[in-house]
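**Student:** So here's work_11.cif, just mmCIF, C-alpha atoms and all ligand atoms:
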data_work
#
loop_
_atom_site.label_atom_id
_atom_site.label_comp_id
_atom_site.auth_asym_id
_atom_site.auth_seq_id
_atom_site.Cartn_x
_atom_site.Cartn_y
_atom_site.Cartn_z
CA MET R 1 -84.37 97.89 -155.16
CA ARG R 2 -83.80 94.32 -156.19
CA ILE R 3 -87.12 92.50 -156.16
CA ILE R 4 -88.16 89.00 -157.24
CA LEU R 5 -91.68 88.20 -158.34
CA ILE R 6 -92.64 84.54 -157.98
CA GLY R 7 -95.87 83.00 -159.19
CA PRO R 8 -97.16 79.99 -161.09
CA PRO R 9 -97.65 80.19 -164.86
CA GLY R 10 -100.74 82.27 -165.56
CA ALA R 11 -100.62 84.10 -162.22
CA GLY R 12 -100.47 87.46 -163.98
CA LYS R 13 -96.82 88.21 -163.33
CA GLY R 14 -96.41 89.89 -166.72
CA THR R 15 -98.97 92.63 -166.06
CA GLN R 16 -97.79 93.28 -162.51
CA CYS R 17 -94.15 93.35 -163.61
CA GLN R 18 -94.87 96.00 -166.24
CA ARG R 19 -96.47 98.23 -163.63
CA LEU R 20 -93.80 97.53 -161.07
CA VAL R 21 -90.85 98.42 -163.33
CA GLU R 22 -92.47 101.75 -164.08
CA HIS R 23 -92.81 102.44 -160.38
CA LEU R 24 -89.31 101.24 -159.48
CA ALA R 25 -87.61 102.62 -162.60
CA VAL R 26 -85.37 99.56 -162.85
CA PRO R 27 -84.95 97.06 -165.69
CA HIS R 28 -87.31 94.09 -165.97
CA LEU R 29 -85.39 90.82 -166.22
CA SER R 30 -87.77 88.16 -167.48
CA THR R 31 -85.95 84.89 -168.08
CA GLY R 32 -88.93 83.55 -170.06
CA GLU R 33 -88.60 86.56 -172.42
CA MET R 34 -84.82 86.21 -172.57
CA LEU R 35 -85.18 82.55 -173.55
CA ARG R 36 -87.92 83.18 -176.12
CA LYS R 37 -85.73 85.85 -177.73
CA ALA R 38 -82.69 83.54 -177.77
CA ILE R 39 -84.82 80.81 -179.36
CA ARG R 40 -86.18 83.21 -182.00
CA GLU R 41 -82.70 84.41 -182.84
CA GLU R 42 -81.34 80.87 -182.80
CA THR R 43 -78.37 81.73 -180.61
CA ALA R 44 -76.33 78.88 -179.10
CA GLU R 45 -78.23 79.35 -175.82
CA GLY R 46 -81.55 79.43 -177.66
CA LEU R 47 -80.83 76.20 -179.49
CA LEU R 48 -79.97 74.51 -176.20
CA ALA R 49 -83.06 75.87 -174.47
CA LYS R 50 -85.65 75.18 -177.15
CA GLY R 51 -86.40 71.53 -176.38
CA PHE R 52 -86.89 72.24 -172.69
CA VAL R 53 -89.09 75.29 -173.18
CA ASP R 54 -91.23 73.57 -175.84
CA HIS R 55 -91.90 70.72 -173.43
CA GLY R 56 -92.70 72.91 -170.44
CA GLN R 57 -89.55 71.82 -168.63
CA LEU R 58 -87.05 74.07 -166.91
CA VAL R 59 -83.85 74.68 -168.82
CA PRO R 60 -80.66 73.53 -167.01
CA ASP R 61 -79.57 75.81 -164.16
CA GLU R 62 -76.12 76.50 -165.73
CA LEU R 63 -77.72 77.77 -168.92
CA ILE R 64 -80.08 80.26 -167.30
CA VAL R 65 -77.61 81.28 -164.60
CA GLY R 66 -75.08 82.18 -167.31
CA MET R 67 -77.64 84.35 -169.10
CA VAL R 68 -78.74 86.11 -165.90
CA ARG R 69 -75.18 86.65 -164.71
CA LYS R 70 -74.33 88.44 -167.97
CA ARG R 71 -77.47 90.56 -167.80
CA LEU R 72 -76.91 91.56 -164.16
CA GLN R 73 -73.45 92.83 -165.05
CA GLU R 74 -74.86 95.40 -167.45
CA PRO R 75 -74.70 98.94 -166.05
CA ASP R 76 -78.47 99.53 -166.02
CA CYS R 77 -78.81 96.80 -163.35
CA ARG R 78 -76.58 98.62 -160.89
CA ARG R 79 -79.49 100.56 -159.38
CA GLY R 80 -81.59 97.43 -159.08
CA CYS R 81 -83.83 95.19 -161.12
CA LEU R 82 -87.06 93.27 -161.12
CA LEU R 83 -86.45 89.55 -161.50
CA ASP R 84 -89.30 87.69 -163.16
CA GLY R 85 -89.01 83.92 -163.68
CA PHE R 86 -85.66 83.71 -161.92
CA PRO R 87 -84.68 82.11 -159.61
CA ARG R 88 -86.89 79.09 -160.19
CA THR R 89 -84.96 76.38 -158.34
CA LEU R 90 -83.13 76.31 -155.01
CA PRO R 91 -79.69 76.08 -156.67
CA GLN R 92 -80.58 79.15 -158.78
CA ALA R 93 -81.57 81.05 -155.62
CA GLU R 94 -78.34 80.11 -153.87
CA ILE R 95 -76.23 81.09 -156.87
CA LEU R 96 -78.08 84.41 -157.12
CA ASP R 97 -77.43 85.19 -153.44
CA ASP R 98 -73.78 84.36 -153.98
CA MET R 99 -73.55 86.46 -157.17
CA LEU R 100 -75.07 89.49 -155.44
CA GLU R 101 -73.05 89.10 -152.27
CA ARG R 102 -69.81 89.27 -154.25
CA GLN R 103 -70.92 92.72 -155.41
CA ALA R 104 -72.08 93.75 -151.91
CA MET R 105 -75.68 93.58 -153.11
CA THR R 106 -78.73 91.72 -151.89
CA VAL R 107 -82.28 90.72 -152.79
CA ASP R 108 -84.46 93.34 -151.08
CA GLY R 109 -87.70 91.42 -151.23
CA VAL R 110 -89.65 88.59 -152.80
CA ILE R 111 -93.29 88.81 -153.76
CA GLU R 112 -95.35 85.67 -154.19
CA LEU R 113 -98.39 86.08 -156.40
CA ALA R 114 -100.61 83.27 -155.11
CA VAL R 115 -103.28 81.89 -157.42
CA PRO R 116 -105.09 78.54 -157.04
CA ARG R 117 -104.56 75.88 -159.69
CA ASP R 118 -108.20 75.90 -161.02
CA GLU R 119 -107.98 79.60 -161.72
CA LEU R 120 -104.65 79.17 -163.55
CA ILE R 121 -106.20 76.61 -165.85
CA ARG R 122 -109.24 78.79 -166.45
CA ARG R 123 -106.98 81.74 -167.38
CA MET R 124 -104.76 79.62 -169.62
CA THR R 125 -107.70 78.69 -171.82
CA MET R 126 -108.23 82.42 -172.41
CA ARG R 127 -104.74 83.36 -173.66
CA LYS R 128 -102.57 81.93 -176.42
CA ARG R 129 -98.85 81.33 -176.48
CA ASP R 130 -96.75 78.61 -178.17
CA ASP R 131 -96.06 76.85 -174.88
CA ASP R 132 -99.70 77.17 -173.76
CA ASP R 133 -100.79 73.80 -175.09
CA PRO R 134 -102.83 72.23 -172.21
CA ALA R 135 -100.44 69.30 -171.61
CA VAL R 136 -97.42 71.61 -171.66
CA PHE R 137 -99.18 74.10 -169.40
CA ALA R 138 -99.97 71.34 -166.88
CA ARG R 139 -96.29 70.39 -166.89
CA ARG R 140 -95.29 74.01 -166.23
CA ILE R 141 -97.68 74.16 -163.26
CA LYS R 142 -96.24 70.89 -161.94
CA SER R 143 -92.70 72.16 -162.34
CA PHE R 144 -93.70 75.27 -160.40
CA GLU R 145 -95.15 73.19 -157.57
CA VAL R 146 -92.21 70.81 -157.37
CA GLN R 147 -89.19 72.96 -158.21
CA THR R 148 -90.15 76.56 -157.53
CA ALA R 149 -92.51 76.44 -154.53
CA PRO R 150 -89.62 75.40 -152.18
CA LEU R 151 -88.09 78.82 -152.89
CA LEU R 152 -90.91 80.43 -150.96
CA GLU R 153 -89.69 78.78 -147.79
CA TYR R 154 -86.11 79.72 -148.61
CA TYR R 155 -87.02 83.41 -148.78
CA GLN R 156 -89.46 83.15 -145.88
CA ARG R 157 -86.56 81.98 -143.72
CA GLN R 158 -84.57 85.01 -144.84
CA GLY R 159 -87.49 87.22 -143.77
CA LYS R 160 -87.88 88.53 -147.34
CA LEU R 161 -91.15 86.99 -148.49
CA GLU R 162 -94.45 88.84 -148.95
CA SER R 163 -97.23 86.56 -150.19
CA ILE R 164 -100.10 88.33 -151.84
CA ASP R 165 -103.46 87.17 -153.13
CA GLY R 166 -103.36 87.06 -156.92
CA LEU R 167 -107.16 86.88 -157.27
CA GLY R 168 -109.25 89.92 -158.09
CA GLY R 169 -108.99 92.90 -160.41
CA THR R 170 -105.55 93.76 -161.80
CA ASP R 171 -105.64 97.20 -160.14
CA ASP R 172 -106.39 95.68 -156.74
CA ILE R 173 -103.53 93.25 -157.18
CA THR R 174 -101.21 96.09 -158.20
CA ALA R 175 -102.19 97.93 -155.00
CA ARG R 176 -101.21 94.84 -152.97
CA VAL R 177 -97.93 94.56 -154.87
CA MET R 178 -97.16 98.23 -154.17
CA GLU R 179 -97.86 97.76 -150.45
CA ALA R 180 -95.37 94.89 -150.39
CA VAL R 181 -92.82 97.07 -152.17
CA ARG R 182 -93.30 99.85 -149.64
CA ARG R 183 -92.55 97.37 -146.85
CA PHE R 184 -89.36 96.35 -148.68
CA GLU R 185 -88.40 100.01 -149.08
CA LEU R 186 -88.92 100.63 -145.36
CA ARG R 187 -86.83 97.60 -144.43
CA ALA R 188 -84.05 98.63 -146.83
CA ALA R 189 -84.06 102.14 -145.35
CA ARG R 190 -83.83 100.70 -141.85
CA ARG R 191 -80.92 98.46 -142.87
CA GLN R 192 -79.22 101.47 -144.39
CA SER R 193 -79.61 103.61 -141.26
CA SER R 194 -78.43 100.84 -138.93
CA ARG R 195 -75.28 100.66 -141.02
CA LEU R 196 -74.53 104.37 -140.61
P1 LIG O 201 -94.32 80.98 -167.01
O1 LIG O 201 -93.94 81.64 -165.71
O2 LIG O 201 -95.60 81.47 -167.57
O3 LIG O 201 -94.18 79.49 -166.98
P2 LIG O 201 -91.93 82.09 -168.33
O4 LIG O 201 -92.12 83.02 -169.46
O5 LIG O 201 -91.38 82.64 -167.07
O6 LIG O 201 -93.30 81.38 -168.14
O7 LIG O 201 -90.97 80.88 -168.78
C1 LIG O 201 -91.23 80.12 -169.94
C2 LIG O 201 -90.32 78.91 -169.97
O8 LIG O 201 -88.93 79.31 -169.97
C3 LIG O 201 -90.42 77.98 -168.77
O9 LIG O 201 -91.47 77.05 -168.92
C4 LIG O 201 -89.05 77.29 -168.77
O10 LIG O 201 -88.97 76.29 -169.76
C5 LIG O 201 -88.13 78.41 -169.19
N1 LIG O 201 -87.55 79.17 -168.05
C6 LIG O 201 -87.80 80.48 -167.73
N2 LIG O 201 -87.11 80.86 -166.65
C7 LIG O 201 -86.39 79.78 -166.24
C8 LIG O 201 -85.49 79.53 -165.16
N3 LIG O 201 -85.20 80.47 -164.25
N4 LIG O 201 -84.95 78.29 -165.06
C9 LIG O 201 -85.24 77.33 -165.94
N5 LIG O 201 -86.08 77.49 -166.98
C10 LIG O 201 -86.66 78.70 -167.14
#
Would you mind writing the file out in structure tokens?

**Tutor:**
Amino acid sequence: MRIILIGPPGAGKGTQCQRLVEHLAVPHLSTGEMLRKAIREETAEGLLAKGFVDHGQLVPDELIVGMVRKRLQEPDCRRGCLLDGFPRTLPQAEILDDMLERQAMTVDGVIELAVPRDELIRRMTMRKRDDDDPAVFARRIKSFEVQTAPLLEYYQRQGKLESIDGLGGTDDITARVMEAVRRFELRAARRQSSRL
């Protein structure tokens, strides 16, 4: 299974991703984590990314696409993966589709974790991360609304989107996520059998 989880900053993607990778037994590809690690280790990519990340702006598509491309080529991704934080722009989504198609692979499903803006801000004040400064956080929400929200329509048109309510207890949300995954699994099985 190749699944993408999309949600605004503070939607609770981290927690749901952890649970989902256990269930799917595939690697968790978090581009936010990949970038924070590169910045910590001061790699060439990290040095390039730092200014953008610190200001709550997206890093250039080429930079993140290069990192993801390398990661997807590692053998553990052959069985599938959970993409978290990528793609985040339409060009990234198109490049990803192209990358997968060349390897006869596809995105099996996209889950949107929908959380209203007020709730995101309330949650942000309760956690602490370097890029969680209120002004930076507001910029990350804005960048989600402007650059990432159009992806929902892109995947909707492909018939791959499941939007779920990100409000409520974490276990309830996990149950909704798992239902979406089961629908993806059914669809993938149907695709498989129609190919036979
Ligand atoms: P959140 O979803 O909470 O905003 P992430 O951990 O996913 O946080 O990402 C942190 C930061 O890393 C983003 O604000 C952005 O600067 C950068 N980043 C992560 N993924 C991407 C991506 N796919 N494209 C561009 N920038 C990215």

**Student:** Using all atoms listed in the file, pick whichever of R:Leu63, R:Ala38, R:Met1, R:Met99 has the shortest atom-to-atom distance to R:Val21.

**Tutor:**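 Among the listed residues, R:Met1 lies closest to R:Val21.
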
**Student:** Taking all atoms listed in the file and a cut-off of 9 Å, can you tell me which residues surround ligand LIG 201 (chain O), written as a CSV table (one decimal) with C-alpha atoms, in the frame of the given file?

**Tutor:**
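See part23.csv below for the written result:
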chain,number,residue,atom,x,y,z
R,6,ILE,CA,-92.6,84.5,-158.0
R,7,GLY,CA,-95.9,83.0,-159.2
R,8,PRO,CA,-97.2,80.0,-161.1
R,9,PRO,CA,-97.6,80.2,-164.9
R,10,GLY,CA,-100.7,82.3,-165.6
R,11,ALA,CA,-100.6,84.1,-162.2
R,12,GLY,CA,-100.5,87.5,-164.0
R,13,LYS,CA,-96.8,88.2,-163.3
R,14,GLY,CA,-96.4,89.9,-166.7
R,30,SER,CA,-87.8,88.2,-167.5
R,31,THR,CA,-86.0,84.9,-168.1
R,32,GLY,CA,-88.9,83.6,-170.1
R,33,GLU,CA,-88.6,86.6,-172.4
R,34,MET,CA,-84.8,86.2,-172.6
R,35,LEU,CA,-85.2,82.6,-173.6
R,36,ARG,CA,-87.9,83.2,-176.1
R,49,ALA,CA,-83.1,75.9,-174.5
R,50,LYS,CA,-85.6,75.2,-177.2
R,51,GLY,CA,-86.4,71.5,-176.4
R,52,PHE,CA,-86.9,72.2,-172.7
R,53,VAL,CA,-89.1,75.3,-173.2
R,54,ASP,CA,-91.2,73.6,-175.8
R,55,HIS,CA,-91.9,70.7,-173.4
R,56,GLY,CA,-92.7,72.9,-170.4
R,57,GLN,CA,-89.6,71.8,-168.6
R,58,LEU,CA,-87.0,74.1,-166.9
R,59,VAL,CA,-83.8,74.7,-168.8
R,60,PRO,CA,-80.7,73.5,-167.0
R,61,ASP,CA,-79.6,75.8,-164.2
R,63,LEU,CA,-77.7,77.8,-168.9
R,64,ILE,CA,-80.1,80.3,-167.3
R,65,VAL,CA,-77.6,81.3,-164.6
R,68,VAL,CA,-78.7,86.1,-165.9
R,84,ASP,CA,-89.3,87.7,-163.2
R,85,GLY,CA,-89.0,83.9,-163.7
R,86,PHE,CA,-85.7,83.7,-161.9
R,87,PRO,CA,-84.7,82.1,-159.6
R,88,ARG,CA,-86.9,79.1,-160.2
R,89,THR,CA,-85.0,76.4,-158.3
R,92,GLN,CA,-80.6,79.2,-158.8
R,131,ASP,CA,-96.1,76.8,-174.9
R,132,ASP,CA,-99.7,77.2,-173.8
R,136,VAL,CA,-97.4,71.6,-171.7
R,137,PHE,CA,-99.2,74.1,-169.4
R,139,ARG,CA,-96.3,70.4,-166.9
R,140,ARG,CA,-95.3,74.0,-166.2
R,141,ILE,CA,-97.7,74.2,-163.3
R,143,SER,CA,-92.7,72.2,-162.3
R,144,PHE,CA,-93.7,75.3,-160.4

**Student:** Please, what distance in Å, to one decimal, runs between atom CA of R:Glu112 and atom CA of R:Ile164?

**Tutor:** 5.9 Å

**Student:** Taking all atoms listed in the file into account, name the residue in R:Glu145, R:Glu74, R:Glu62, R:Asp97 that is nearest to R:Leu29.

**Tutor:** R:Glu74

**Student:** One decimal, in Å: what's the spacing between atom CA of R:Arg123 and atom CA of R:Leu167?

**Tutor:**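 Atom CA of R:Leu167 lies at a distance of 11.3 Å from atom CA of R:Arg123.
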
**Student:** So for stretch 151-157 of chain R, what box centre and size do we get, axis-aligned, 6 Å extra on each of the six sides, every listed atom, Å to one decimal, as lines of an AutoDock Vina configuration file?

**Tutor:**
center_x = -88.5
center_y = 81.1
center_z = -148.3
size_x = 16.8
size_y = 16.6
size_z = 21.2

**Student:** To one decimal place in Å, what is the distance between atom CA of R:Val110 and atom CA of R:Tyr155?

**Tutor:** 7.1 Å

**Student:** Just checking: using only C-alpha atoms, which residue out of R:Met124, R:Met67, R:Leu72, R:Val177 ends up closest to R:Thr15?

**Tutor:**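 Checking each of R:Met124, R:Met67, R:Leu72, R:Val177 against R:Thr15, counting only C-alpha atoms, the winner is R:Val177.
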
**Student:** Go through R:Glu153, R:Ala189, R:Gly166, R:Leu96 and flag the residue nearest R:Pro116, using all atoms listed in the file for the distances.

**Tutor:** R:Gly166

**Student:** From the list R:Ala93, R:Asp108, R:Ile3, R:His28, which residue is nearest R:Arg190 when using all atoms listed in the file?

**Tutor:**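 Nearest to R:Arg190: R:Asp108.
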
**Student:** For R:Val146, which residue out of R:Val181, R:Val107, R:Leu113, R:Leu90 is the nearest one, using all atoms listed in the file?

**Tutor:**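 Checking each of R:Val181, R:Val107, R:Leu113, R:Leu90 against R:Val146, counting all atoms listed in the file, the winner is R:Leu90.
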
**Student:** Please provide as number ranges by chain all residues within 10 Å of R:Glu179, with the sequence filter that same-chain residues fewer than 6 positions apart are discarded (counting only C-alpha atoms).

**Tutor:** R: 162, 164, 173, 185
